[in-house]
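Remarks on the structure that follows.
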Amino acid sequence: MKQYLIKDRLTVISWSLTALGTARTNTTETNARTMDNFQIVDFNSLDETVQNLLMEAVKIRKRAYCPYSNFSVGAAILTEEDSRMYAGCNIENSTLTPSMCAERSAVAKAVCDGYTKFKCVAIVAHQREFTAPCGVCRQTLNEFCSSDGDIEIYLSRPTMDTVLCTKLSHLLPLSFVSFKKDSVIT
């Protein structure tokens, strides 16, 4: 399993999925939950860089303009080149189509400054479970993967008690081809 930016070794739960998609565990005392494509860990077990990324996403989430859905989201991305952080929040519009998700808002800010490769992204929203990027944001992030061809994804709630750690390739396994990244144009 891919090592995420986690400080201490974590105890793993073995999982089996039921037909309804809920998980059943065979172990009761652990500080991490694991499946093949994600881990749920304690915030304090994360690397300081990822903790700061999540805190920035919580902070920018408060600036979200969401009068129609009342669902505020914050995102922060870390550039590959020099580990610069960019944050964005969702911005809604009454006609919905021109609305912008937090992830794309952060990407736009970074691209405007010349950055096109990202190591990781943190996304914070308030739901019972974790809020993953929408399909459009997944595809947008895919355009700007790091040199290893992927982006680490960290999902949390504003309380930041637990964090879901995964990779973009797990959230978007069959992405569209990128003309730039995949050298489609000869």
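Chain lettering (A, B, ...) mirrors the order of the structure tokens, residue numbering begins at 1 for each chain separately, and ligand numbering begins at 1 in order of display.
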
Env of region 79-85 of chain A: 7 Å cut, atoms = only C-alpha atoms, seq-sep filter 2 positions within chain, self excluded. Answer as a list in words.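 Surrounding residues, per the criterion: Ala76, Ile77, Ala87, Tyr115, Lys117, Phe118, Lys119 and Ser146 of chain A.
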
Please, what distance in Å, to one decimal, runs between CA of Leu141 (chain A) and CA of Ile123 (chain A)? 12.4 Å

Shortest contact to Gly74 (chain A), candidates A:Gly135, A:Pro173, A:Pro158, A:Pro98, atoms counted only C-alpha atoms, goes to A:Pro158

Out of A:Thr97, A:Ser156, A:Gln51, A:Ser45, which residue has the shortest atom-to-atom distance to Arg128 (chain A) when counting only C-alpha atoms?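 Of all the options, A:Ser156 lies closest to Arg128 (chain A).
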
Near Cys165 (chain A), within 7 Å and counting only C-alpha atoms, which residues show up once chain neighbours fewer than 4 positions away are dropped, as a PyMOL selection string? chain A and resi 38-40+153-155

Convert the current residue selection to file output with C-alpha atoms, as a tab-separated table (two decimals), in the first residue's frame.
chain	number	residue	atom	x	y	z
A	38	PHE	CA	-7.76	4.72	1.04
A	39	GLN	CA	-6.86	5.09	4.69
A	40	ILE	CA	-8.68	6.97	7.41
A	153	ILE	CA	-5.80	13.51	-1.79
A	154	TYR	CA	-6.68	14.33	1.83
A	155	LEU	CA	-10.36	14.71	2.77

Just want the 9 Å neighbourhood of Ala64 (chain A), counted on only C-alpha atoms, with same-chain residues fewer than 5 positions away dropped. Output as a PDB file with C-alpha atoms, in the first residue's frame.
ATOM      1  CA  PHE A  71     -22.582  23.972   1.332  1.00  0.00           C
ATOM      2  CA  SER A  72     -19.189  25.574   1.827  1.00  0.00           C
ATOM      3  CA  VAL A  73     -16.042  23.794   0.685  1.00  0.00           C
ATOM      4  CA  GLY A  74     -12.394  24.717   1.063  1.00  0.00           C
ATOM      5  CA  GLY A  88      -9.666  28.126  -2.963  1.00  0.00           C
ATOM      6  CA  CYS A  89     -13.315  27.996  -1.956  1.00  0.00           C
ATOM      7  CA  ASN A  90     -16.491  27.262  -3.858  1.00  0.00           C
ATOM      8  CA  ILE A  91     -18.176  30.196  -5.592  1.00  0.00           C
ATOM      9  CA  GLU A  92     -21.817  29.746  -6.608  1.00  0.00           C
ATOM     10  CA  ALA A 102     -13.087  24.931  -4.343  1.00  0.00           C
TER      11      ALA A 102
END

Quick one: residues within 10 Å of Glu152 (chain A), only C-alpha atoms, excluding same-chain residues fewer than 5 positions away - as a ChimeraX atom specification? /A:2,4-5,77-78,118-122,145-146,165-170

For the residues in the current selection, export N, CA, C and O atoms as a PDB file, in the first residue's frame.
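Final output, again35.pdb:
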ATOM      1  N   LYS A   2       0.479   2.262  -0.691  1.00  0.00           N
ATOM      2  CA  LYS A   2       1.200   3.531  -0.788  1.00  0.00           C
ATOM      3  C   LYS A   2       1.327   4.156   0.591  1.00  0.00           C
ATOM      4  O   LYS A   2       0.405   4.168   1.364  1.00  0.00           O
ATOM      5  N   TYR A   4       1.432   7.305   2.781  1.00  0.00           N
ATOM      6  CA  TYR A   4       1.031   8.697   2.747  1.00  0.00           C
ATOM      7  C   TYR A   4       1.884   9.467   3.734  1.00  0.00           C
ATOM      8  O   TYR A   4       2.669   8.884   4.472  1.00  0.00           O
ATOM      9  N   LEU A   5       1.757  10.765   3.769  1.00  0.00           N
ATOM     10  CA  LEU A   5       2.572  11.589   4.652  1.00  0.00           C
ATOM     11  C   LEU A   5       2.076  11.443   6.087  1.00  0.00           C
ATOM     12  O   LEU A   5       1.365  12.281   6.609  1.00  0.00           O
ATOM     13  N   ILE A  77      -4.029  23.259  -2.300  1.00  0.00           N
ATOM     14  CA  ILE A  77      -3.150  22.381  -3.077  1.00  0.00           C
ATOM     15  C   ILE A  77      -1.699  22.761  -2.806  1.00  0.00           C
ATOM     16  O   ILE A  77      -1.396  23.900  -2.449  1.00  0.00           O
ATOM     17  N   LEU A  78      -0.822  21.792  -2.977  1.00  0.00           N
ATOM     18  CA  LEU A  78       0.600  21.989  -2.763  1.00  0.00           C
ATOM     19  C   LEU A  78       1.317  21.758  -4.084  1.00  0.00           C
ATOM     20  O   LEU A  78       1.150  20.710  -4.708  1.00  0.00           O
ATOM     21  N   PHE A 118       1.034  19.400  -9.191  1.00  0.00           N
ATOM     22  CA  PHE A 118       0.663  19.438  -7.779  1.00  0.00           C
ATOM     23  C   PHE A 118       0.936  18.109  -7.098  1.00  0.00           C
ATOM     24  O   PHE A 118       0.657  17.053  -7.659  1.00  0.00           O
ATOM     25  N   LYS A 119       1.480  18.172  -5.882  1.00  0.00           N
ATOM     26  CA  LYS A 119       1.790  16.973  -5.103  1.00  0.00           C
ATOM     27  C   LYS A 119       0.555  16.438  -4.384  1.00  0.00           C
ATOM     28  O   LYS A 119       0.337  15.245  -4.336  1.00  0.00           O
ATOM     29  N   CYS A 120      -0.192  17.349  -3.760  1.00  0.00           N
ATOM     30  CA  CYS A 120      -1.348  16.896  -2.983  1.00  0.00           C
ATOM     31  C   CYS A 120      -2.383  17.999  -2.871  1.00  0.00           C
ATOM     32  O   CYS A 120      -2.095  19.171  -3.102  1.00  0.00           O
ATOM     33  N   VAL A 121      -3.584  17.572  -2.521  1.00  0.00           N
ATOM     34  CA  VAL A 121      -4.695  18.495  -2.332  1.00  0.00           C
ATOM     35  C   VAL A 121      -5.456  18.078  -1.079  1.00  0.00           C
ATOM     36  O   VAL A 121      -5.621  16.890  -0.808  1.00  0.00           O
ATOM     37  N   ALA A 122      -5.870  19.070  -0.305  1.00  0.00           N
ATOM     38  CA  ALA A 122      -6.699  18.843   0.879  1.00  0.00           C
ATOM     39  C   ALA A 122      -8.060  19.475   0.616  1.00  0.00           C
ATOM     40  O   ALA A 122      -8.139  20.606   0.129  1.00  0.00           O
ATOM     41  N   CYS A 145      -1.263  16.569 -12.546  1.00  0.00           N
ATOM     42  CA  CYS A 145      -0.629  15.590 -11.658  1.00  0.00           C
ATOM     43  C   CYS A 145       0.857  15.885 -11.486  1.00  0.00           C
ATOM     44  O   CYS A 145       1.483  16.517 -12.341  1.00  0.00           O
ATOM     45  N   SER A 146       1.416  15.378 -10.410  1.00  0.00           N
ATOM     46  CA  SER A 146       2.844  15.525 -10.155  1.00  0.00           C
ATOM     47  C   SER A 146       3.638  14.680 -11.147  1.00  0.00           C
ATOM     48  O   SER A 146       3.063  13.947 -11.947  1.00  0.00           O
ATOM     49  N   CYS A 165      -7.229   9.523   3.438  1.00  0.00           N
ATOM     50  CA  CYS A 165      -6.058   9.676   2.566  1.00  0.00           C
ATOM     51  C   CYS A 165      -6.204   8.731   1.382  1.00  0.00           C
ATOM     52  O   CYS A 165      -6.420   7.537   1.573  1.00  0.00           O
ATOM     53  N   THR A 166      -6.084   9.265   0.182  1.00  0.00           N
ATOM     54  CA  THR A 166      -6.166   8.441  -1.016  1.00  0.00           C
ATOM     55  C   THR A 166      -5.349   9.109  -2.119  1.00  0.00           C
ATOM     56  O   THR A 166      -4.583  10.035  -1.849  1.00  0.00           O
ATOM     57  N   LYS A 167      -5.500   8.634  -3.326  1.00  0.00           N
ATOM     58  CA  LYS A 167      -4.815   9.212  -4.474  1.00  0.00           C
ATOM     59  C   LYS A 167      -5.844   9.508  -5.554  1.00  0.00           C
ATOM     60  O   LYS A 167      -6.882   8.865  -5.624  1.00  0.00           O
ATOM     61  N   LEU A 168      -5.540  10.458  -6.401  1.00  0.00           N
ATOM     62  CA  LEU A 168      -6.434  10.808  -7.490  1.00  0.00           C
ATOM     63  C   LEU A 168      -6.703   9.608  -8.389  1.00  0.00           C
ATOM     64  O   LEU A 168      -7.824   9.402  -8.844  1.00  0.00           O
ATOM     65  N   SER A 169      -5.686   8.795  -8.643  1.00  0.00           N
ATOM     66  CA  SER A 169      -5.864   7.628  -9.515  1.00  0.00           C
ATOM     67  C   SER A 169      -6.895   6.647  -8.967  1.00  0.00           C
ATOM     68  O   SER A 169      -7.519   5.923  -9.733  1.00  0.00           O
ATOM     69  N   HIS A 170      -7.098   6.646  -7.654  1.00  0.00           N
ATOM     70  CA  HIS A 170      -8.125   5.786  -7.062  1.00  0.00           C
ATOM     71  C   HIS A 170      -9.523   6.392  -7.230  1.00  0.00           C
ATOM     72  O   HIS A 170     -10.503   5.671  -7.337  1.00  0.00           O
TER      73      HIS A 170
END

Within 10 Å of Phe176 (chain A), counting only C-alpha atoms, which residues show up once you throw out same-chain ones fewer than 4 positions away? Write them as a ChimeraX atom specification, please. /A:139,142-143,172

Deliver the residues from the most recent selection as a file, using C-alpha atoms, as a compact mmCIF listing (two decimals), in the first residue's frame.
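What ended up in result_27.txt:
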# COMPACT_ATOMS: atom_id res chain seq x y z
CA GLN A 139 -10.57 15.51 -14.25
CA ASN A 142 -5.76 14.96 -13.37
CA GLU A 143 -4.48 17.54 -15.86
CA LEU A 172 -10.56 8.65 -11.19

Pick out the closest residue to Asn52 (chain A) from this set: A:Met160, A:Lys109, A:Glu129, A:Phe179. Count only C-alpha atoms.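 Looking only at the distances to Asn52 (chain A), the closest residue turns out to be A:Met160.
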
For the atom pair CA of Leu46 (chain A) and CA of Met100 (chain A), what is the interatomic distance in Å to one decimal place?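 Straight-line distance from CA of Leu46 (chain A) to CA of Met100 (chain A) works out to 28.6 Å.
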